[in-house]
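In what follows, a structure is listed as structure tokens, so that the remarks can point back to it.
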Amino acid sequence: RNKTTCLLKADIISTVEFNHTGELLATGDKGGRVVIFQREQESKNQVHRRGEYNVYSTFQSHEPEFDYLKSLEIEEKINKIRWLPQQNAAYFLLSTNDKTVKLWKVSERDKRPEGYNLKDEEGRLRDPATITTLRVPVLRPMDLMVEATPRRVFANAHTYHINSISVNSDYETYMSADDLRINLWNFEITNQSFNIVDIKPANMEELTEVITAAEFHPHHCNTFVYSSSKGTIRLCDMRASALCDRHTKFFEEPEDPSNRSFFSEIISSISDVKFSHSGRYIMTRDYLTVKVWDLNMENRPIETYQVHDYLRSKLCSLYENDCIFDKFECVWNGSDSVIMTGSYNNFFRMFDRNTKRDVTLEASRENSKPRAILKPRKVCVGGKRRKDEISVDSLDFSKKILHTAWHPSENIIAVAATNNLYIFQDKVN
Amino acid sequence: MECALDAQSLISISLRKIHSSRTQRGGIKLHKNLLVSYVLRNARQLYLNERYAELYRRQQQQQQQQQPPQHQHLAYAAPGMPASAADFGPLQLGGGGGDAEAREPAARHQLHQLHQLHQLHLQQQLHQLQHPAPRGCAAAGAPAGGAGALTEPPGCAALHPPHGAPHRGQPLEPLQPAPAPLSLPPPPPAPSALCPRDPRASAACSAPSAPPGAAPPAAAAASPPASPAPASSPGFYRGAYPAPSDFSVHCSSQTTVLDLDTHVVTTVENGYLHQDCCASAHCPCCGQGAPGPGLASASGCKRKYYPGQEEEDDGDEEDAGELGAEPPGGAPFAPCKRARFEDFCPDSSPDASNISNLISIFGSGFSGLVSRQPDSSEQQPPPLNGQLCAKQALASLGAWTRAIVAF
């Protein structure tokens with residue numbers, strides 16, 4: 001965008017997701033649009049030029065709606081996009097706003113039929129009386145057109161705001177989760193869903209926690225996890241009962257009483273949960289940390305990474321300006337050896353689980369000349385600020401990186417910084 | 001962690017957040033409001049702890065019997081929430097008191113003392129309220145200039161005590177500088193404070209894109225035709241007309257509190273709590289189970305709750321309490337708390353007495369929510385003792401919840 005001063009809210013990216021091969025990258029924004037990028041085929045002529053991502057398709061997925069019964073506007077913002085694995089020439093993805101999930105088919109058309117008998121070139125019907133000869137329509141090449149069509153609309157199943165969708169490994173079902181309930185859908189059936197989790201208390205005054213994220217296990221189609229605002233994760237097995245209100249496993253780390261503050265509940269709320277590709281671990285993100293849990297150990301995480309602990313003393317101001325409610329996501333790399341999450345000032349962080357090294361990088365225009373190498377950044381917490389460091393008070397809290405994605409097999413990452421999408425690749429050689 | 005803000009500011013900021021969330025696009029965000037209510041609980045506990053400690057110190061000098069100070073048992077220490085408090089959601093009995101009292105006689109005693117402290121506290125507040133133009137509600141302070149002037153006639157600028165004793169469950173008639181005071185047909189349904197319908201309501205008070213006429217049909221059906229509340233009204237009214245006597249009797253002040261958001265009317269009279277709410281299991285239209293997708297139990301059904309007495313069904317009252325159980329607030333819950341949070345606008349040096357008014361009101365007026373489900377086997381009134389009243393005092397965010405959780 002050339003408009004540097006005018007930031008349209010509708011352009012703010014709200015979700016980023018690679019497909020299963022990494023060939024496609026989808027983004028959703030606050031305006032309800034989905035933009036899909038496709039990786040260029042690497043050409044033999046330019047070996048050193050890695051495939052770049054170009055816009056492949058753009059479509060309006062959701063529109064703002066108004067619920068007249070409750071006098072309530074339903075935002076068109078795309079909360080999540082999830083790809084289905086590719087099973088034919090077309091691509092399928094799920095996109096959701098607060099209330100409605102849609103299945104989109106994205107397909108290419110590079111031929112079109114020509115030579116109809118009953119209609120002319122513009123499609124207007126011909127007067128049959130004028131037809132004297134018959135011909136067989138033929139397919140002729142045309143400019144590549146990518147069209148997106150909504151194949152299914154899964155609506156009216158959520159009273160609260162949908163925060164997650166997750167495709168099951170059976171590729172026949174998926175789940176959608178809102179603040180209090182999780183529903184299981186079959187892709188073919190739009191007028192029914194099964195409620196598999198319901199944590200709504202009989203008396204809403206007894207409400208103490210909400211569901212914040214949910215995901216299916218990558219391999220076991222009967223297993224899923226969901227995280228809560230209280231910092232806990234529950235693993236459920238759908239074989240155990242139809243309603244998975246009782247968990248199979250319960251992951252919780254005891255709170256450190258010395259860290260207690262007005263905002264303890266807020267910062268312990270989990271904003272994202274992701275299975276590792278192996279299915280052995282789950283990663284959770286709360287306001288200040290990322291944690292890795294072993295599915296076999298429920299009483300504490302096996303690893304905890306401080307994302308921006310220097311914010312711990314700033315929680316008051318972050319509460320005032322609402323930043324404390326920001327929901328950061330987290331991602332694994334393809335081999336589960338590195339995890340990544342976002343922060344403020346357009347910083348994002350990577351943690352290498354093996355070497356225990358971490359790095360802070362910045363997604364900004366200045367740093368993003370093509371093939372320029374990102375320079376590690378550092379936040380200075382106090383005392384003397386070194387030359388390249390940035391002090392905590394200079395951080396721009398309006399520039400937050402909430403959504404990132406990692407290519408399933410290569411070191412390519414996509415970072416959404418407000419209304420800009422940055423794609424970084426590992427340097428060649 | 002050093003917090004730059006004190007408890008009072010946090011409370012006011014939190015209330016403002018809750019209020020503004022009602023008008024944000026996309027409806028009320030349950031998650032965010034839940035988190036804000038936790039902050040409210042924490043701040044409130046700290047605030048109350050400080051106040052009670054102060055009052056206790058004062059009272060100690062007055063009391064004949066000297067009790068050993070039990071500050072450490074006042075379970076509001078923050079930071080470091082006692083485990084029992086943490087067990088409760090912020091929307092429930094917040095202090096450790098309610099739980100503790102079930103466990104220990106010593107705790108009962110503490111509660112009794114707390115109750116006395118609270119009564120003392122109330123006394124002070126009520127004395128303030130007894131000034132000529134009774135400051136019936138937080139908003140009433142506004143004309144005095146408090147914080148951020150209400151630009152439109154507040155729905156409840158001041159309250160006249162109703163003639164004689166209040167009818168049970170009858171909301172007070174608000175007085176407004178503007179034309180017609182709200183008049184309610186008997187038997188009184190709560191005024192449906194449908195802010196969005198009131199063209200005079202500020203933008204902040206209306207549902208974002210609801211045109212004045214587009215109130216949900218269900219609400220329209222449920223509410224009496226007479227009365228969209230002149231509804232930039234604050235969240236609730238309070239009529240303070242203490243009984244001529246006698247603060248020594250528990251809860252003897254006949255105080256009626258109406259929460260316009262939830263249409264819960266609470267009259268505290270002679271130690272009884274009378275409360276209109278539709279939360280009981282007996283109400284057929286206020287299903288406790290999950291609603292059908294996207295369907296709010298919109299049929300109004302108000303119940304009067306008299307401990308130990310029969311249920312009455314006021315069919316044509318809007319059930320905000322249970323509607324409240326439905327998700328992101330519809331028009332019935334758009335009514336604004338503008339007046340309330342205006343008082344707490346940090347920009348204009350919060351008036352501490354306003355805040356303490358608010359807290360004491362919450363503390364005393366809404367605790368019936370703690371035990372909402374009337375036990376039908378209970379044929380006698382709850383015991384008039386310190387336990388019930390103290391519970392009321394400690395029913396921390398029962399009040400908030402009705403105000404906040406408009407789902």
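Chain labels A, B, ... are given in the sequence in which chains occur in the structure tokens; within each chain residues are numbered consecutively from 1, and ligands are likewise numbered from 1 in the order shown.
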Proximity of chain A to chain B: per-residue shortest pair, 9 Å limit, only C-alpha atoms, as JSON lines:
```
{"residue": "A:Phe66", "atom": "CA", "partner": "B:Ser209", "partner_atom": "CA", "distance": 8.6}
{"residue": "A:Tyr68", "atom": "CA", "partner": "B:Pro216", "partner_atom": "CA", "distance": 6.0}
{"residue": "A:Leu69", "atom": "CA", "partner": "B:Pro216", "partner_atom": "CA", "distance": 4.9}
{"residue": "A:Lys70", "atom": "CA", "partner": "B:Gly330", "partner_atom": "CA", "distance": 4.2}
{"residue": "A:Ser71", "atom": "CA", "partner": "B:Gly330", "partner_atom": "CA", "distance": 5.0}
{"residue": "A:Leu72", "atom": "CA", "partner": "B:Gly27", "partner_atom": "CA", "distance": 5.8}
{"residue": "A:Glu73", "atom": "CA", "partner": "B:Gly26", "partner_atom": "CA", "distance": 5.0}
{"residue": "A:Ile74", "atom": "CA", "partner": "B:Gly26", "partner_atom": "CA", "distance": 4.7}
{"residue": "A:Glu75", "atom": "CA", "partner": "B:Gly26", "partner_atom": "CA", "distance": 5.1}
{"residue": "A:Glu76", "atom": "CA", "partner": "B:Gly26", "partner_atom": "CA", "distance": 8.8}
{"residue": "A:Asp98", "atom": "CA", "partner": "B:Gly26", "partner_atom": "CA", "distance": 8.0}
{"residue": "A:Asn156", "atom": "CA", "partner": "B:Pro293", "partner_atom": "CA", "distance": 5.6}
{"residue": "A:Ala157", "atom": "CA", "partner": "B:Pro293", "partner_atom": "CA", "distance": 5.0}
{"residue": "A:His158", "atom": "CA", "partner": "B:Pro293", "partner_atom": "CA", "distance": 6.0}
{"residue": "A:Thr159", "atom": "CA", "partner": "B:Gly294", "partner_atom": "CA", "distance": 5.1}
{"residue": "A:Tyr160", "atom": "CA", "partner": "B:Pro327", "partner_atom": "CA", "distance": 5.8}
{"residue": "A:His161", "atom": "CA", "partner": "B:Lys29", "partner_atom": "CA", "distance": 7.6}
{"residue": "A:Asp179", "atom": "CA", "partner": "B:His31", "partner_atom": "CA", "distance": 6.9}
{"residue": "A:Asp198", "atom": "CA", "partner": "B:Ala290", "partner_atom": "CA", "distance": 8.6}
{"residue": "A:Lys200", "atom": "CA", "partner": "B:Ala290", "partner_atom": "CA", "distance": 7.6}
{"residue": "A:Pro201", "atom": "CA", "partner": "B:Gln288", "partner_atom": "CA", "distance": 8.6}
{"residue": "A:Ala202", "atom": "CA", "partner": "B:Gln288", "partner_atom": "CA", "distance": 5.4}
{"residue": "A:Asn203", "atom": "CA", "partner": "B:Gln288", "partner_atom": "CA", "distance": 7.2}
{"residue": "A:Met204", "atom": "CA", "partner": "B:Ala325", "partner_atom": "CA", "distance": 5.8}
{"residue": "A:Glu205", "atom": "CA", "partner": "B:Leu91", "partner_atom": "CA", "distance": 5.2}
{"residue": "A:Glu206", "atom": "CA", "partner": "B:Gly89", "partner_atom": "CA", "distance": 6.1}
{"residue": "A:Leu207", "atom": "CA", "partner": "B:Gly89", "partner_atom": "CA", "distance": 6.3}
{"residue": "A:Thr208", "atom": "CA", "partner": "B:Gly89", "partner_atom": "CA", "distance": 4.6}
{"residue": "A:Glu209", "atom": "CA", "partner": "B:Leu34", "partner_atom": "CA", "distance": 7.6}
{"residue": "A:Val210", "atom": "CA", "partner": "B:His31", "partner_atom": "CA", "distance": 6.3}
{"residue": "A:Ile211", "atom": "CA", "partner": "B:His31", "partner_atom": "CA", "distance": 8.4}
{"residue": "A:Thr212", "atom": "CA", "partner": "B:His31", "partner_atom": "CA", "distance": 8.1}
{"residue": "A:Ser229", "atom": "CA", "partner": "B:His31", "partner_atom": "CA", "distance": 7.6}
{"residue": "A:Pro257", "atom": "CA", "partner": "B:Gly80", "partner_atom": "CA", "distance": 6.5}
{"residue": "A:Ser258", "atom": "CA", "partner": "B:Gly80", "partner_atom": "CA", "distance": 7.8}
{"residue": "A:Asn259", "atom": "CA", "partner": "B:Met1", "partner_atom": "CA", "distance": 7.5}
{"residue": "A:Arg260", "atom": "CA", "partner": "B:Pro79", "partner_atom": "CA", "distance": 5.7}
{"residue": "A:Ser261", "atom": "CA", "partner": "B:Pro79", "partner_atom": "CA", "distance": 5.6}
{"residue": "A:Phe262", "atom": "CA", "partner": "B:Val39", "partner_atom": "CA", "distance": 5.6}
{"residue": "A:Phe263", "atom": "CA", "partner": "B:Val39", "partner_atom": "CA", "distance": 6.1}
{"residue": "A:Ser264", "atom": "CA", "partner": "B:Val39", "partner_atom": "CA", "distance": 8.6}
{"residue": "A:Glu265", "atom": "CA", "partner": "B:Tyr38", "partner_atom": "CA", "distance": 6.7}
{"residue": "A:Ile266", "atom": "CA", "partner": "B:Leu35", "partner_atom": "CA", "distance": 5.7}
{"residue": "A:Ser269", "atom": "CA", "partner": "B:Leu35", "partner_atom": "CA", "distance": 8.6}
{"residue": "A:Arg312", "atom": "CA", "partner": "B:Met1", "partner_atom": "CA", "distance": 7.4}
{"residue": "A:Ser313", "atom": "CA", "partner": "B:Met1", "partner_atom": "CA", "distance": 5.9}
{"residue": "A:Lys314", "atom": "CA", "partner": "B:Cys3", "partner_atom": "CA", "distance": 8.1}
{"residue": "A:Leu315", "atom": "CA", "partner": "B:Cys3", "partner_atom": "CA", "distance": 7.8}
{"residue": "A:Cys316", "atom": "CA", "partner": "B:Cys3", "partner_atom": "CA", "distance": 5.9}
{"residue": "A:Ser317", "atom": "CA", "partner": "B:Ala4", "partner_atom": "CA", "distance": 8.2}
{"residue": "A:Glu320", "atom": "CA", "partner": "B:Ile13", "partner_atom": "CA", "distance": 7.1}
{"residue": "A:Asp322", "atom": "CA", "partner": "B:Lys17", "partner_atom": "CA", "distance": 8.9}
{"residue": "A:Phe325", "atom": "CA", "partner": "B:Lys32", "partner_atom": "CA", "distance": 7.1}
```
Range 115-147 of chain A: residues DSSP assigns to strand (DSSP E), reported as a ChimeraX atom specification: /A:138-147
Check the smallest atom-to-atom distance from each of A:Val379, A:Ile413, A:Ile36, A:Leu311 to Ile339 in chain A using only C-alpha atoms, then report the winner.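 The answer is A:Ile413, which sits nearest to Ile339 in chain A.
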Excluding range 401-404 of chain A and its own-chain neighbours fewer than 6 positions away, which residues fall within 12 Å of it when counting only C-alpha atoms? Please give them as a ChimeraX atom specification. /A:12-18,25-29,79-81,271-272,285-287,323,325-333,339-350,361-364,412-424
One decimal, Å: what's the distance from CA of Ser241 in chain A over to CA of Leu180 in chain A, could you say?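 Going from CA of Ser241 in chain A over to CA of Leu180 in chain A covers 18.3 Å.
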Excluding same-chain residues fewer than 6 positions from Asp120 in chain A, what lies within 12 Å of it counting only C-alpha atoms, as a PyMOL selection string? chain A and resi 113-114+126-128+130-131+137
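Backbone DSSP assigns helix (DSSP H, G or I) in range 125-373 of chain A to Pro128, Ala129, Thr130, Met204, Glu205, Glu206, Pro257, Ser258, Asn259, Ser264, Glu265, Ile266, Ile267, Ser268, Asp309, Tyr310, Leu311, Arg312, Ser313, Lys314, Leu315, Cys316, Ser317, Leu318, Tyr319, Glu320, Cys323, Ile324 and Phe325 of chain A.
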